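Notes follow the structure.
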Amino acid sequence: MSVDAKILAALRAAPWGVSGSELSRQLGMSRAGVWAHIEELRALGYDIEASPHLGYRLLGAPDALHADDLSARLGKTRVVGREIHVFQETTSTNDVAARLAQGGAKEGAVVFAESQTKGRGRMGRVWLSPARKGLWFTVLLRPDIPPQEMTQLTVAAATALSRAIALQTGLEPEIKWPNDLLIRGRKIAGILTEMRAELDRVQEVLLGIGMDVNLEPGDFPASLRQTATSLRIETGHEVNRAELAVAVLRELDRDYQAVVEGQFKRLAAQWAERCTTLGCQVTIRVGDRVIRGRAESLDDDGALLVRGAHGHLERIVGGDVTVEKTA
């Protein structure tokens, strides 16, 4: 953890104030050095009061994602969030995470971007990523699982996101298989999982997540206004993105551990409670194939089991899903 992250963690742990001498002791540096770091944080937009009687107090934080601040809020995790990078703008956080992976970045490294110029979703779709309006990020993972179990990570991410949103906003997102979170039938978040694997072993996974947090109706193009929404639209107020980001990383860390420790069935049960796809007639396009049937359940690897018109149960690991409306 950097010096700035340690200072922010100490300030949050003592909202009534912490003295310069105590910070100096904790950080192993002079009080002048502490002051210099406080001034750097103020320049970034942190409202830090200095009082002869109370010491330093954190009164406010900017509406921005800062790696040091996210690390300070998050604290120690098992894997997810071991290191955090924040870019003001990039093409896609998956692209950046891929380069970091090639350079030997630790498992659990997270790449956030305040905006993306080429954000992407599944099936090559463009993902709208306006500056400081959402959470656009990628987690680098190296799970010791075979490639056929990769869908478990998408399921784990969906359950983690839905819990974090519920904890922070009180909203209860629904899950549409395989990778969308919905509120009132409108998309709030999506998951894009890309991997590099050998025949029997996953080498690395880029778990990309896009979440519409503080977008207003006018931020969406006309083509998306009937199918997409944001947490701000649904709650009626702005949502603190940094707090939400930390909640998401904590839940992702918890669910990732469940996957690697062989506890996927517990996650699958949570997923099924929130999934709107199960029990419905669906049409799934997988390349040139079209599969129609009733979505019944997940199998042990996280694939969707669909029962066709002739009673045959088919295992689906991905595709473009349309849920048929009932009369």
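Just so we're on the same page: first chain in the structure tokens is A, next is B, and so on; residues restart at 1 for each chain, and ligands are numbered from 1 in the order they show up.
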| field | Selection: 12 Å around Ile7 in chain A, only C-alpha atoms, excl. self and same-chain fewer than 6 positions, as an MDAnalysis selection string | value | chainID A and resid 1 13:14 17:20 22:29 33:41 46 48 56:58 68:69 71:73
| Which of A:Pro217, A:Gly81, A:Gly190, A:Gly236 sits closest to Tyr256 in chain A [using only C-alpha atoms] |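 The shortest atom-to-atom distance to Tyr256 in chain A comes from A:Gly81.
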| task | Grab the CA of Glu234 in chain A to CA of Glu273 in chain A distance for me, in Å with one decimal place. | result | 21.2 Å
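Proximity ranking of A:Val306, A:Leu11, A:Ala113, A:Leu74 relative to Thr90 in chain A places A:Ala113 first, based on only C-alpha atoms.
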| Mind checking DSSP for range 22-202 of chain A and telling me the helix (DSSP H, G or I) residues as JSON, numbers by chain? | {"A": [22, 23, 24, 25, 26, 27, 31, 32, 33, 34, 35, 36, 37, 38, 39, 40, 41, 42, 43, 67, 68, 69, 70, 71, 72, 73, 74, 93, 94, 95, 96, 97, 98, 99, 100, 101, 102, 122, 123, 124, 147, 148, 149, 151, 152, 153, 154, 155, 156, 157, 158, 159, 160, 161, 162, 163, 164, 165, 166, 167, 168, 169]}
Can I get the selection written as an mmCIF file, in the first residue's frame, with C-alpha atoms?
data_model
loop_
_atom_site.group_PDB
_atom_site.id
_atom_site.type_symbol
_atom_site.label_atom_id
_atom_site.label_comp_id
_atom_site.auth_asym_id
_atom_site.auth_seq_id
_atom_site.Cartn_x
_atom_site.Cartn_y
_atom_site.Cartn_z
ATOM 1 C CA GLU A 22 0.718 9.912 15.015
ATOM 2 C CA LEU A 23 0.707 9.808 11.214
ATOM 3 C CA SER A 24 4.454 10.410 11.267
ATOM 4 C CA ARG A 25 4.889 7.476 13.641
ATOM 5 C CA GLN A 26 2.639 5.153 11.611
ATOM 6 C CA LEU A 27 4.334 6.020 8.315
ATOM 7 C CA ARG A 31 5.872 15.479 9.930
ATOM 8 C CA ALA A 32 7.040 17.643 7.019
ATOM 9 C CA GLY A 33 6.851 14.565 4.806
ATOM 10 C CA VAL A 34 3.325 13.855 6.038
ATOM 11 C CA TRP A 35 2.332 17.449 5.287
ATOM 12 C CA ALA A 36 3.700 17.147 1.745
ATOM 13 C CA HIS A 37 1.548 14.075 1.110
ATOM 14 C CA ILE A 38 -1.514 15.811 2.619
ATOM 15 C CA GLU A 39 -0.979 18.671 0.176
ATOM 16 C CA GLU A 40 -0.779 16.200 -2.730
ATOM 17 C CA LEU A 41 -4.099 14.668 -1.675
ATOM 18 C CA ARG A 42 -5.682 18.121 -1.392
ATOM 19 C CA ALA A 43 -4.510 18.890 -4.920
ATOM 20 C CA ALA A 67 -6.027 3.910 -7.002
ATOM 21 C CA ASP A 68 -4.663 4.926 -3.575
ATOM 22 C CA ASP A 69 -8.120 5.784 -2.277
ATOM 23 C CA LEU A 70 -9.649 2.535 -3.550
ATOM 24 C CA SER A 71 -6.819 0.533 -1.947
ATOM 25 C CA ALA A 72 -7.275 2.403 1.344
ATOM 26 C CA ARG A 73 -11.037 1.773 1.378
ATOM 27 C CA LEU A 74 -10.697 -1.869 0.314
ATOM 28 C CA THR A 93 -9.702 -1.999 -19.646
ATOM 29 C CA ASN A 94 -9.478 -5.568 -20.988
ATOM 30 C CA ASP A 95 -6.781 -4.383 -23.404
ATOM 31 C CA VAL A 96 -4.775 -2.780 -20.588
ATOM 32 C CA ALA A 97 -5.197 -5.787 -18.303
ATOM 33 C CA ALA A 98 -3.972 -8.071 -21.104
ATOM 34 C CA ARG A 99 -0.777 -6.019 -21.408
ATOM 35 C CA LEU A 100 -0.279 -6.078 -17.641
ATOM 36 C CA ALA A 101 -0.763 -9.848 -17.647
ATOM 37 C CA GLN A 102 1.922 -10.224 -20.298
ATOM 38 C CA ARG A 122 -20.077 -9.650 -25.765
ATOM 39 C CA MET A 123 -20.579 -10.547 -29.435
ATOM 40 C CA GLY A 124 -18.372 -7.603 -30.441
ATOM 41 C CA PRO A 147 -11.469 -24.297 -19.533
ATOM 42 C CA GLN A 148 -14.885 -26.029 -19.532
ATOM 43 C CA GLU A 149 -15.563 -24.599 -16.062
ATOM 44 C CA THR A 151 -18.672 -20.178 -17.079
ATOM 45 C CA GLN A 152 -18.460 -20.514 -13.304
ATOM 46 C CA LEU A 153 -16.548 -17.220 -13.194
ATOM 47 C CA THR A 154 -19.283 -15.390 -15.101
ATOM 48 C CA VAL A 155 -21.879 -16.801 -12.692
ATOM 49 C CA ALA A 156 -19.718 -15.801 -9.708
ATOM 50 C CA ALA A 157 -19.280 -12.273 -11.075
ATOM 51 C CA ALA A 158 -23.032 -11.890 -11.628
ATOM 52 C CA THR A 159 -23.873 -12.936 -8.052
ATOM 53 C CA ALA A 160 -21.145 -10.663 -6.650
ATOM 54 C CA LEU A 161 -22.341 -7.643 -8.658
ATOM 55 C CA SER A 162 -25.973 -8.173 -7.710
ATOM 56 C CA ARG A 163 -25.103 -8.380 -3.997
ATOM 57 C CA ALA A 164 -22.876 -5.294 -4.104
ATOM 58 C CA ILE A 165 -25.562 -3.243 -5.860
ATOM 59 C CA ALA A 166 -28.158 -4.394 -3.329
ATOM 60 C CA LEU A 167 -25.888 -3.525 -0.397
ATOM 61 C CA GLN A 168 -25.081 -0.048 -1.713
ATOM 62 C CA THR A 169 -28.421 1.015 -3.186
#
| field | Residue with smallest distance to Lys265 in chain A - pool A:Asp212, A:Glu172, A:Asp301, A:Glu324, counting only C-alpha atoms | value |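 Once distances to Lys265 in chain A are computed over only C-alpha atoms, the minimum belongs to A:Asp301.
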| said: Give me, as number ranges by chain, the residues of range 145-317 of chain A that a backbone DSSP run labels strand (DSSP E or B). | reply: A: 174-176, 180-183, 186-197, 202-212, 228, 275, 281-286, 289-298, 304-307, 313-316
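If you measure from each of A:Asp180, A:Ala105, A:Val259, A:Ile145 to Met195 in chain A using only C-alpha atoms, the closest one turns out to be A:Ile145.
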Near-Leu215 in chain A list (8 Å; only C-alpha atoms; drop same-chain fewer than 3 positions) as a JSON list (two decimals) with all heavy atoms, in the first residue's frame:
[["chain", "number", "residue", "atom", "x", "y", "z"],
["A", 133, "LYS", "N", -19.05, 8.40, -15.20],
["A", 133, "LYS", "CA", -20.47, 8.10, -15.07],
["A", 133, "LYS", "C", -20.73, 6.67, -14.62],
["A", 133, "LYS", "O", -21.85, 6.34, -14.21],
["A", 133, "LYS", "CB", -21.17, 8.32, -16.42],
["A", 133, "LYS", "CG", -21.20, 9.76, -16.89],
["A", 133, "LYS", "CD", -22.29, 10.55, -16.21],
["A", 133, "LYS", "CE", -22.48, 11.92, -16.85],
["A", 133, "LYS", "NZ", -23.64, 12.65, -16.31],
["A", 134, "GLY", "N", -19.72, 5.82, -14.73],
["A", 134, "GLY", "CA", -19.94, 4.41, -14.39],
["A", 134, "GLY", "C", -18.71, 3.77, -13.81],
["A", 134, "GLY", "O", -17.74, 4.44, -13.45],
["A", 212, "ASP", "N", -23.47, 0.81, -15.39],
["A", 212, "ASP", "CA", -24.01, 2.15, -15.56],
["A", 212, "ASP", "C", -24.42, 2.69, -14.20],
["A", 212, "ASP", "O", -25.44, 2.27, -13.64],
["A", 212, "ASP", "CB", -25.20, 2.13, -16.52],
["A", 212, "ASP", "CG", -24.82, 1.69, -17.92],
["A", 212, "ASP", "OD1", -23.66, 1.94, -18.31],
["A", 212, "ASP", "OD2", -25.66, 1.08, -18.61],
["A", 218, "GLY", "N", -30.38, 11.30, -20.80],
["A", 218, "GLY", "CA", -29.78, 11.92, -21.98],
["A", 218, "GLY", "C", -28.41, 11.40, -22.33],
["A", 218, "GLY", "O", -27.91, 11.67, -23.44],
["A", 219, "ASP", "N", -27.78, 10.67, -21.41],
["A", 219, "ASP", "CA", -26.46, 10.10, -21.70],
["A", 219, "ASP", "C", -26.54, 8.87, -22.60],
["A", 219, "ASP", "O", -25.54, 8.46, -23.19],
["A", 219, "ASP", "CB", -25.75, 9.72, -20.39],
["A", 219, "ASP", "CG", -25.37, 10.92, -19.56],
["A", 219, "ASP", "OD1", -24.91, 11.91, -20.15],
["A", 219, "ASP", "OD2", -25.53, 10.87, -18.32],
["A", 220, "PHE", "N", -27.72, 8.27, -22.66],
["A", 220, "PHE", "CA", -27.90, 7.09, -23.51],
["A", 220, "PHE", "C", -28.34, 7.51, -24.90],
["A", 220, "PHE", "O", -29.18, 8.41, -25.04],
["A", 220, "PHE", "CB", -28.97, 6.16, -22.93],
["A", 220, "PHE", "CG", -28.59, 5.48, -21.65],
["A", 220, "PHE", "CD1", -29.09, 5.92, -20.44],
["A", 220, "PHE", "CD2", -27.73, 4.39, -21.66],
["A", 220, "PHE", "CE1", -28.74, 5.30, -19.25],
["A", 220, "PHE", "CE2", -27.38, 3.75, -20.48],
["A", 220, "PHE", "CZ", -27.88, 4.21, -19.27],
["A", 229, "THR", "N", -30.53, 1.23, -18.38],
["A", 229, "THR", "CA", -30.82, 2.15, -17.30],
["A", 229, "THR", "C", -29.55, 2.32, -16.46],
["A", 229, "THR", "O", -28.50, 1.76, -16.79],
["A", 229, "THR", "CB", -32.00, 1.66, -16.44],
["A", 229, "THR", "OG1", -32.36, 2.68, -15.50],
["A", 229, "THR", "CG2", -31.65, 0.39, -15.69],
["A", 230, "SER", "N", -29.64, 3.12, -15.40],
["A", 230, "SER", "CA", -28.50, 3.33, -14.52],
["A", 230, "SER", "C", -28.97, 3.32, -13.07],
["A", 230, "SER", "O", -30.17, 3.45, -12.78],
["A", 230, "SER", "CB", -27.82, 4.67, -14.83],
["A", 230, "SER", "OG", -28.61, 5.75, -14.36],
["A", 231, "LEU", "N", -28.03, 3.18, -12.17],
["A", 231, "LEU", "CA", -28.39, 3.21, -10.74],
["A", 231, "LEU", "C", -28.95, 4.57, -10.35],
["A", 231, "LEU", "O", -29.85, 4.66, -9.52],
["A", 231, "LEU", "CB", -27.16, 2.87, -9.89],
["A", 231, "LEU", "CG", -26.57, 1.47, -10.10],
["A", 231, "LEU", "CD1", -25.34, 1.27, -9.22],
["A", 231, "LEU", "CD2", -27.61, 0.39, -9.82],
["A", 232, "ARG", "N", -28.42, 5.63, -10.95],
["A", 232, "ARG", "CA", -28.94, 6.96, -10.64],
["A", 232, "ARG", "C", -30.40, 7.10, -11.08],
["A", 232, "ARG", "O", -31.24, 7.65, -10.35],
["A", 232, "ARG", "CB", -28.08, 8.03, -11.32],
["A", 232, "ARG", "CG", -28.58, 9.45, -11.05],
["A", 232, "ARG", "CD", -27.62, 10.50, -11.54],
["A", 232, "ARG", "NE", -28.08, 11.84, -11.19],
["A", 232, "ARG", "CZ", -27.31, 12.91, -11.19],
["A", 232, "ARG", "NH1", -26.03, 12.80, -11.53],
["A", 232, "ARG", "NH2", -27.80, 14.08, -10.87],
["A", 233, "ILE", "N", -30.70, 6.61, -12.27],
["A", 233, "ILE", "CA", -32.09, 6.68, -12.75],
["A", 233, "ILE", "C", -33.01, 5.89, -11.84],
["A", 233, "ILE", "O", -34.11, 6.34, -11.48],
["A", 233, "ILE", "CB", -32.17, 6.15, -14.20],
["A", 233, "ILE", "CG1", -31.45, 7.12, -15.16],
["A", 233, "ILE", "CG2", -33.63, 5.96, -14.63],
["A", 233, "ILE", "CD1", -31.28, 6.57, -16.57]]
| One-decimal distance in Å that lies between CA of Gln257 in chain A and CA of Glu194 in chain A |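 Taking CA of Glu194 in chain A and CA of Gln257 in chain A, their separation equals 19.1 Å.
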| message | Calculated over only C-alpha atoms, which of the candidates A:Ala228, A:Gly318, A:Asp300, A:Val79 has the smallest distance to Leu252 in chain A? | response | A:Val79
| field | For Glu204 in chain A, the nearest of the candidates A:Ala247, A:Ala109, A:Ala131, A:Ile316, counting only C-alpha atoms | value |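 The answer is A:Ala109, which sits nearest to Glu204 in chain A.
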| task | Just the residues within 12 Å of Asp63 in chain A, please, counting only C-alpha atoms, with nothing from its chain fewer than 4 positions along; format it as a list in words. | result |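 In the requested format, the answer is Leu44, Gly45, Tyr46, Asp47, Asp69, Glu114, Ala131, Arg132, Lys133, Gly134, Asn214, Glu238, Val239, Asn240, Arg241, Ala242, Glu243 and Leu244 of chain A.
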| Can you list, as number ranges by chain, every protein, DNA or RNA residue that comes within 10 Å of Gly185 in chain A when you count only C-alpha atoms, leaving out same-chain residues fewer than 5 positions away? | A: 173-176, 226-229, 276
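The interatomic distance for the pair CA of Asp288 in chain A and CA of Leu305 in chain A works out to 19.2 Å.
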| field | For range 115-120 of chain A: contacts at 8 Å, only C-alpha atoms, fewer than 6 positions along chain excluded, given as JSON, numbers by chain | value | {"A": [88, 89, 90, 91, 92, 93, 126, 127, 128, 129, 130, 131, 132, 136]}
Selection export as a CSV table (one decimal), in the first residue's frame, atoms kept: C-alpha atoms:
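So out07.csv came out as:
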chain,number,residue,atom,x,y,z
A,88,GLN,CA,-8.4,8.6,-17.0
A,89,GLU,CA,-9.0,7.2,-20.5
A,90,THR,CA,-8.1,4.0,-22.4
A,91,THR,CA,-9.4,2.0,-25.3
A,92,SER,CA,-10.7,-0.9,-23.1
A,93,THR,CA,-9.7,-2.0,-19.6
A,126,VAL,CA,-19.8,-1.5,-28.4
A,127,TRP,CA,-20.1,-0.6,-24.7
A,128,LEU,CA,-20.9,3.1,-23.9
A,129,SER,CA,-18.4,4.3,-21.3
A,130,PRO,CA,-18.9,8.1,-20.6
A,131,ALA,CA,-16.4,9.8,-18.3
A,132,ARG,CA,-17.0,9.5,-14.6
A,136,TRP,CA,-15.6,0.3,-16.2
